[in-house]
$ cat protein_31.tsv   # TSV, C-alpha atoms and all ligand atoms
chain	number	residue	atom	x	y	z
I	1	MET	CA	31.86	12.22	-14.38
I	2	SER	CA	28.60	11.58	-16.22
I	3	SER	CA	25.53	13.26	-14.78
I	4	ARG	CA	24.10	9.73	-14.72
I	5	ALA	CA	26.61	8.66	-12.08
I	6	PRO	CA	24.89	7.51	-8.90
I	7	GLN	CA	25.44	9.26	-5.60
I	8	ILE	CA	27.26	6.59	-3.63
I	9	VAL	CA	26.60	6.25	0.11
I	10	VAL	CA	28.77	3.62	1.76
I	11	VAL	CA	28.14	2.49	5.32
I	12	PRO	CA	29.71	-0.15	7.58
I	13	ALA	CA	27.85	-3.46	7.18
I	14	GLY	CA	26.58	-3.25	10.75
I	15	ASP	CA	25.00	0.15	10.15
I	16	PHE	CA	23.34	-0.63	6.83
I	17	VAL	CA	19.80	-1.36	8.04
I	18	ALA	CA	19.68	1.70	10.33
I	19	MET	CA	21.17	3.98	7.64
I	20	ALA	CA	18.80	2.67	4.98
I	21	SER	CA	15.83	3.11	7.31
I	22	ASP	CA	16.93	6.66	8.20
I	23	ASN	CA	17.55	7.62	4.56
I	24	ILE	CA	14.21	6.25	3.37
I	25	ALA	CA	12.31	7.94	6.22
I	26	GLN	CA	14.10	11.19	5.39
I	27	ALA	CA	13.27	10.84	1.69
I	28	ILE	CA	9.57	10.23	2.46
I	29	ALA	CA	9.50	13.25	4.77
I	30	ALA	CA	11.10	15.40	2.07
I	31	VAL	CA	8.35	14.44	-0.39
I	32	LEU	CA	5.59	15.07	2.18
I	33	ALA	CA	7.08	18.47	2.98
I	34	ARG	CA	6.07	19.60	-0.49
I	35	ARG	CA	3.28	17.20	-1.52
I	36	PRO	CA	0.16	15.78	0.17
I	37	ARG	CA	1.08	12.16	-0.67
I	38	CYS	CA	4.23	10.13	-1.32
I	39	ARG	CA	4.21	7.39	-3.99
I	40	LEU	CA	6.73	4.77	-2.81
I	41	ALA	CA	7.63	1.60	-4.73
I	42	LEU	CA	9.19	-1.21	-2.72
I	43	ALA	CA	11.80	-3.74	-3.81
I	44	GLY	CA	11.59	-7.48	-3.32
I	45	GLY	CA	14.34	-9.92	-2.46
I	46	SER	CA	16.12	-10.45	0.86
I	47	THR	CA	18.20	-7.26	1.26
I	48	PRO	CA	15.33	-4.90	2.01
I	49	ARG	CA	13.46	-7.17	4.43
I	50	PRO	CA	15.31	-6.04	7.60
I	51	VAL	CA	15.03	-2.46	6.37
I	52	TYR	CA	11.24	-2.83	6.08
I	53	GLU	CA	11.15	-4.29	9.59
I	54	ALA	CA	13.10	-1.24	10.82
I	55	LEU	CA	10.72	1.11	8.97
I	56	ALA	CA	7.77	-0.67	10.62
I	57	GLY	CA	9.25	0.17	14.01
I	58	ARG	CA	9.58	3.91	13.39
I	59	ASP	CA	7.12	6.49	14.61
I	60	ASP	CA	8.24	9.32	12.31
I	61	ILE	CA	6.70	8.21	9.02
I	62	ALA	CA	3.24	9.53	8.04
I	63	TRP	CA	2.11	6.25	6.48
I	64	SER	CA	-1.44	7.62	6.08
I	65	ARG	CA	0.04	9.83	3.34
I	66	VAL	CA	2.10	7.11	1.63
I	67	ASP	CA	0.83	5.15	-1.39
I	68	ILE	CA	2.69	1.85	-1.61
I	69	PHE	CA	3.59	0.27	-4.95
I	70	PHE	CA	5.86	-2.64	-5.88
I	71	GLY	CA	8.84	-2.61	-8.21
I	72	ASP	CA	8.05	-6.12	-9.31
I	73	GLU	CA	6.35	-9.38	-8.47
I	74	ARG	CA	6.73	-13.01	-9.30
I	75	ALA	CA	3.79	-14.57	-11.18
I	76	VAL	CA	2.50	-16.21	-8.00
I	77	GLY	CA	-0.30	-15.50	-5.55
I	78	PRO	CA	0.14	-13.31	-2.46
I	79	ASP	CA	0.37	-16.32	-0.11
I	80	ASN	CA	3.13	-18.00	-2.09
I	81	PRO	CA	6.50	-18.01	-0.24
I	82	ALA	CA	8.09	-16.53	-3.39
I	83	SER	CA	5.73	-13.54	-3.40
I	84	ASN	CA	7.35	-10.13	-2.89
I	85	TYR	CA	4.01	-8.88	-1.61
I	86	ARG	CA	4.03	-11.61	1.05
I	87	MET	CA	7.53	-10.58	2.17
I	88	VAL	CA	6.59	-6.89	2.35
I	89	ALA	CA	3.31	-7.64	4.13
I	90	THR	CA	4.97	-9.71	6.84
I	91	ALA	CA	7.93	-7.31	7.26
I	92	LEU	CA	6.06	-4.00	7.02
I	93	LEU	CA	2.44	-3.75	5.95
I	94	ASP	CA	1.00	-5.95	8.69
I	95	ALA	CA	2.63	-3.65	11.25
I	96	ILE	CA	1.37	-0.31	9.91
I	97	GLU	CA	-2.41	0.14	10.14
I	98	ASP	CA	-3.03	3.36	8.28
I	99	VAL	CA	-1.05	3.26	5.04
I	100	ALA	CA	-2.86	5.40	2.44
I	101	SER	CA	-3.03	2.69	-0.23
I	102	VAL	CA	-1.32	-0.48	-1.42
I	103	ALA	CA	-1.27	-1.32	-5.13
I	104	ARG	CA	-0.45	-5.03	-5.23
I	105	ILE	CA	0.71	-6.64	-8.45
I	106	GLU	CA	-1.76	-9.52	-8.78
I	107	GLY	CA	0.68	-12.29	-9.61
I	108	GLU	CA	-2.08	-14.86	-9.45
I	109	ARG	CA	-3.73	-13.41	-12.58
I	110	PRO	CA	-2.59	-14.18	-16.14
I	111	PRO	CA	0.65	-12.13	-16.38
I	112	GLU	CA	-0.35	-9.77	-19.20
I	113	GLU	CA	-3.65	-9.09	-17.43
I	114	ALA	CA	-1.82	-8.46	-14.14
I	115	ALA	CA	0.55	-6.06	-15.94
I	116	GLN	CA	-2.30	-4.10	-17.55
I	117	HIS	CA	-4.19	-3.94	-14.26
I	118	TYR	CA	-1.09	-2.75	-12.41
I	119	ALA	CA	-0.33	-0.12	-15.07
I	120	LYS	CA	-3.84	1.26	-14.47
I	121	ALA	CA	-3.28	1.30	-10.69
I	122	LEU	CA	0.08	3.04	-11.23
I	123	GLY	CA	-1.51	5.76	-13.36
I	124	SER	CA	0.49	8.38	-15.22
I	125	GLN	CA	1.99	10.21	-12.23
I	126	ALA	CA	5.67	9.44	-11.68
I	127	LEU	CA	6.71	7.59	-8.54
I	128	ASP	CA	8.35	9.74	-5.90
I	129	ILE	CA	10.68	7.10	-4.48
I	130	VAL	CA	11.64	3.69	-5.85
I	131	LEU	CA	13.61	1.20	-3.79
I	132	LEU	CA	15.62	-1.29	-5.83
I	133	GLY	CA	18.03	-4.15	-5.28
I	134	MET	CA	20.61	-5.71	-7.54
I	135	GLY	CA	20.90	-9.38	-8.38
I	136	GLY	CA	24.28	-11.02	-8.90
I	137	ASP	CA	23.73	-10.81	-12.69
I	138	GLY	CA	23.06	-7.07	-12.56
I	139	HIS	CA	19.29	-7.39	-12.74
I	140	THR	CA	17.08	-4.99	-10.86
I	141	ALA	CA	13.38	-5.22	-10.07
I	142	SER	CA	12.52	-7.99	-12.53
I	143	LEU	CA	14.49	-6.55	-15.44
I	144	PHE	CA	16.96	-9.19	-16.55
I	145	PRO	CA	19.97	-9.26	-18.91
I	146	ASP	CA	19.28	-10.52	-22.45
I	147	ASP	CA	15.51	-10.43	-21.98
I	148	ALA	CA	13.72	-8.39	-24.64
I	149	ALA	CA	10.78	-7.35	-22.47
I	150	SER	CA	13.21	-6.12	-19.80
I	151	ALA	CA	14.60	-3.61	-22.32
I	152	ARG	CA	11.22	-2.13	-23.29
I	153	THR	CA	10.81	1.61	-22.84
I	154	ASP	CA	7.40	1.96	-24.53
I	155	THR	CA	5.42	1.02	-21.43
I	156	ASP	CA	5.53	1.30	-17.64
I	157	VAL	CA	4.86	-2.33	-16.72
I	158	VAL	CA	6.36	-5.38	-18.43
I	159	VAL	CA	6.07	-9.15	-18.24
I	160	THR	CA	9.60	-10.51	-18.15
I	161	CYS	CA	11.42	-13.83	-18.03
I	162	SER	CA	13.74	-14.61	-15.15
I	163	PRO	CA	16.60	-17.13	-15.51
I	164	VAL	CA	15.68	-18.47	-12.08
I	165	PRO	CA	12.22	-19.60	-11.01
I	166	PRO	CA	9.60	-18.29	-10.69
I	167	THR	CA	10.49	-17.48	-14.28
I	168	THR	CA	7.52	-15.27	-15.19
I	169	ARG	CA	7.66	-11.84	-13.55
I	170	ILE	CA	5.74	-8.58	-13.70
I	171	SER	CA	7.97	-5.53	-13.33
I	172	LEU	CA	8.12	-1.78	-13.53
I	173	SER	CA	9.94	-0.99	-16.75
I	174	ARG	CA	13.07	1.10	-17.31
I	175	ARG	CA	10.75	3.93	-18.32
I	176	ALA	CA	8.78	3.83	-15.07
I	177	LEU	CA	11.89	3.48	-12.93
I	178	ASN	CA	13.71	6.34	-14.70
I	179	ALA	CA	10.67	8.59	-14.32
I	180	ALA	CA	10.97	8.39	-10.52
I	181	GLN	CA	12.03	11.46	-8.57
I	182	LEU	CA	14.42	9.34	-6.52
I	183	ALA	CA	15.74	5.79	-6.97
I	184	ILE	CA	17.53	4.24	-4.00
I	185	VAL	CA	19.48	1.07	-4.82
I	186	LEU	CA	20.24	-1.11	-1.79
I	187	VAL	CA	23.13	-3.59	-2.13
I	188	VAL	CA	25.03	-5.46	0.56
I	189	GLY	CA	27.67	-8.18	0.80
I	190	PRO	CA	31.02	-9.09	-0.74
I	191	GLY	CA	29.41	-11.36	-3.32
I	192	LYS	CA	28.10	-8.36	-5.27
I	193	ALA	CA	31.22	-6.17	-5.12
I	194	GLU	CA	32.48	-7.07	-8.62
I	195	ARG	CA	29.09	-6.51	-10.21
I	196	VAL	CA	28.61	-3.23	-8.34
I	197	ALA	CA	31.92	-1.99	-9.78
I	198	GLN	CA	30.96	-3.15	-13.29
I	199	VAL	CA	27.53	-1.49	-13.15
I	200	TYR	CA	29.05	1.69	-11.73
I	201	LYS	CA	31.43	1.92	-14.72
I	202	GLU	CA	28.59	1.27	-17.16
I	203	VAL	CA	26.05	3.67	-15.72
I	204	ALA	CA	28.63	6.45	-15.20
I	205	SER	CA	29.95	6.03	-18.75
I	206	ALA	CA	26.42	6.10	-20.20
I	207	THR	CA	27.14	2.94	-22.20
I	208	PRO	CA	24.84	0.70	-20.21
I	209	HIS	CA	24.50	-3.01	-20.80
I	210	LEU	CA	23.21	-4.61	-17.60
I	211	PRO	CA	19.67	-3.78	-16.45
I	212	LEU	CA	20.72	-1.79	-13.38
I	213	SER	CA	23.12	0.21	-15.59
I	214	HIS	CA	20.06	1.53	-17.43
I	215	ILE	CA	18.55	2.98	-14.27
I	216	ALA	CA	19.52	6.64	-14.02
I	217	PRO	CA	16.45	8.78	-13.32
I	218	ASP	CA	16.51	12.11	-15.12
I	219	PRO	CA	15.68	14.67	-13.84
I	220	GLY	CA	15.27	12.47	-10.77
I	221	ARG	CA	18.10	11.35	-8.52
I	222	LEU	CA	19.95	8.04	-8.21
I	223	VAL	CA	21.45	6.96	-4.89
I	224	TRP	CA	23.25	3.69	-4.27
I	225	LEU	CA	23.25	2.80	-0.59
I	226	LEU	CA	25.93	0.15	-0.17
I	227	ASP	CA	27.55	-1.58	2.71
I	228	ALA	CA	31.37	-1.45	2.76
I	229	GLU	CA	31.64	-5.02	1.47
I	230	ALA	CA	29.51	-4.39	-1.60
I	231	ALA	CA	31.42	-1.14	-2.28
I	232	ARG	CA	34.93	-2.53	-1.84
I	233	LYS	CA	35.72	-2.75	-5.58
I	234	LEU	CA	34.62	0.81	-6.31
I	235	GLU	CA	37.74	2.85	-7.10
I	236	GLN	CA	36.37	6.24	-6.22
I	237	PRO	CA	33.07	6.15	-4.38
I	238	ASN	CA	31.51	9.62	-4.16
I	239	GLU	CA	31.71	11.44	-0.89
I	240	PRO	CA	29.48	9.28	1.34
I	241	ASN	CA	26.76	11.58	2.62
I	242	LEU	CA	23.12	11.45	3.44
I	243	LEU	CA	20.45	11.88	0.79
G	1	LIG	C1	13.09	-9.76	-6.61
G	1	LIG	C2	13.69	-8.39	-6.51
G	1	LIG	C3	15.06	-8.44	-7.12
G	1	LIG	C4	16.05	-8.27	-5.99
G	1	LIG	C5	17.42	-8.74	-6.42
G	1	LIG	C6	18.37	-8.75	-5.21
G	1	LIG	O1	11.93	-9.89	-7.00
G	1	LIG	O2	13.82	-10.70	-6.24
G	1	LIG	O3	12.93	-7.40	-6.98
G	1	LIG	O4	15.32	-7.47	-8.09
G	1	LIG	O5	16.09	-6.91	-5.60
G	1	LIG	O6	17.31	-10.06	-6.93
G	1	LIG	O7	17.87	-9.70	-4.30
G	1	LIG	P1	18.56	-9.89	-2.86
G	1	LIG	O8	18.28	-8.63	-2.12
G	1	LIG	O9	17.83	-11.09	-2.28
G	1	LIG	O10	20.02	-10.13	-3.11

$ encode --input "protein_31.tsv" --output "structure tokens"
Amino acid sequence: MSSRAPQIVVVPAGDFVAMASDNIAQAIAAVLARRPRCRLALAGGSTPRPVYEALAGRDDIAWSRVDIFFGDERAVGPDNPASNYRMVATALLDAIEDVASVARIEGERPPEEAAQHYAKALGSQALDIVLLGMGGDGHTASLFPDDAASARTDTDVVVTCSPVPPTTRISLSRRALNAAQLAIVLVVGPGKAERVAQVYKEVASATPHLPLSHIAPDPGRLVWLLDAEAARKLEQPNEPNLL
């Protein structure tokens, strides 16, 4: 099996939020055991929301040592219902007082300006942990199939075009995502099972096509945390184990 193959962790649908919360808390603690701060990039979309709510309820995460980043943002302001920042703020940030820092992607600015500003905030240090989702078309963050900017590897932040509105997005690039020490991909539901199996074949065979197939941090680690429904088309999931 290719060294790019993700570590697959499959959990019963009913346990997904608790397992994701536990795994993420454990990953943050592992970083803080060896480093003063943890640079954590959060995913948007609907899958992670209950996980963020569970993280907000924990008392074992040293948020004062966690720098929060975002994997992507829609080109909208922070109060817009489509804003990933708004979702994360209501599910997590509003509930944790002492987070070390939050680098918001300023979707209300002209996109290229927002991308440059975010690249500066990101700096040159790799992210420790990146949380990602997967869209039904195999996109991840805001890296979309058949979108030239989504394939760029010469920069860390890109302005991309989504097939569904809001169409203009600002996203961490493949390069930034693959520089992470650990990428955790969170996917649930039967509707994504076919695509999960397709992306697994692509990323393991190192002949990637879809955006998520290009995400295989090296030397970092890649973990797919799936519920049983999203994993049901995988022929041979790895031994399910914790991070
Ligand atoms: C976004 C996310 C996006 C998301 C996938 C899956 O801005 O929407 O970054 O990449 O992770 O679209 O979304 P769901 O979790 O809602 O299925």

$ residues_near_ligand --input "protein_31.tsv" --ligand "ligand LIG 1 (chain G)" --cutoff "9 Å" --atoms "only C-alpha atoms and all ligand atoms" --output "PyMOL selection string"
chain I and resi 42-49+70-74+82-84+131-144+169+171+185-189+192

$ write_last_selection --input "protein_31.tsv" --atoms "C-alpha atoms" --output "JSON list (two decimals), in the frame of the given file"
[["chain", "number", "residue", "atom", "x", "y", "z"],
["I", 42, "LEU", "CA", 9.19, -1.21, -2.72],
["I", 43, "ALA", "CA", 11.80, -3.74, -3.81],
["I", 44, "GLY", "CA", 11.59, -7.48, -3.32],
["I", 45, "GLY", "CA", 14.34, -9.92, -2.46],
["I", 46, "SER", "CA", 16.12, -10.45, 0.86],
["I", 47, "THR", "CA", 18.20, -7.26, 1.26],
["I", 48, "PRO", "CA", 15.33, -4.90, 2.01],
["I", 49, "ARG", "CA", 13.46, -7.17, 4.43],
["I", 70, "PHE", "CA", 5.86, -2.64, -5.88],
["I", 71, "GLY", "CA", 8.84, -2.61, -8.21],
["I", 72, "ASP", "CA", 8.05, -6.12, -9.31],
["I", 73, "GLU", "CA", 6.35, -9.38, -8.47],
["I", 74, "ARG", "CA", 6.73, -13.01, -9.30],
["I", 82, "ALA", "CA", 8.09, -16.53, -3.39],
["I", 83, "SER", "CA", 5.73, -13.54, -3.40],
["I", 84, "ASN", "CA", 7.35, -10.13, -2.89],
["I", 131, "LEU", "CA", 13.61, 1.20, -3.79],
["I", 132, "LEU", "CA", 15.62, -1.29, -5.83],
["I", 133, "GLY", "CA", 18.03, -4.15, -5.28],
["I", 134, "MET", "CA", 20.61, -5.71, -7.54],
["I", 135, "GLY", "CA", 20.90, -9.38, -8.38],
["I", 136, "GLY", "CA", 24.28, -11.02, -8.90],
["I", 137, "ASP", "CA", 23.73, -10.81, -12.69],
["I", 138, "GLY", "CA", 23.06, -7.07, -12.56],
["I", 139, "HIS", "CA", 19.29, -7.39, -12.74],
["I", 140, "THR", "CA", 17.08, -4.99, -10.86],
["I", 141, "ALA", "CA", 13.38, -5.22, -10.07],
["I", 142, "SER", "CA", 12.52, -7.99, -12.53],
["I", 143, "LEU", "CA", 14.49, -6.55, -15.44],
["I", 144, "PHE", "CA", 16.96, -9.19, -16.55],
["I", 169, "ARG", "CA", 7.66, -11.84, -13.55],
["I", 171, "SER", "CA", 7.97, -5.53, -13.33],
["I", 185, "VAL", "CA", 19.48, 1.07, -4.82],
["I", 186, "LEU", "CA", 20.24, -1.11, -1.79],
["I", 187, "VAL", "CA", 23.13, -3.59, -2.13],
["I", 188, "VAL", "CA", 25.03, -5.46, 0.56],
["I", 189, "GLY", "CA", 27.67, -8.18, 0.80],
["I", 192, "LYS", "CA", 28.10, -8.36, -5.27]]

$ atom_distance --input "protein_31.tsv" --atom1 "CA of Asp60 in chain I" --atom2 "CA of Tyr85 in chain I"
23.3 Å

$ residues_around --input "protein_31.tsv" --residues "Asp147 in chain I" --least-positions-apart "3" --cutoff "10 Å" --atoms "only C-alpha atoms" --output "list in words"
Leu143, Phe144, Ser150, Ala151, Arg152, Thr160, Cys161, Ser162, Pro163 and Pro211 of chain I

$ atom_distance --input "protein_31.tsv" --atom1 "CA of Val11 in chain I" --atom2 "CA of Asp94 in chain I"
28.6 Å

$ residues_near_point --input "protein_31.tsv" --point "(13.8, 7.3, -13.4)" --cutoff "12 Å" --atoms "only C-alpha atoms" --output "PyMOL selection string"
chain I and resi 4+6+126-132+153+156+172-184+212-223
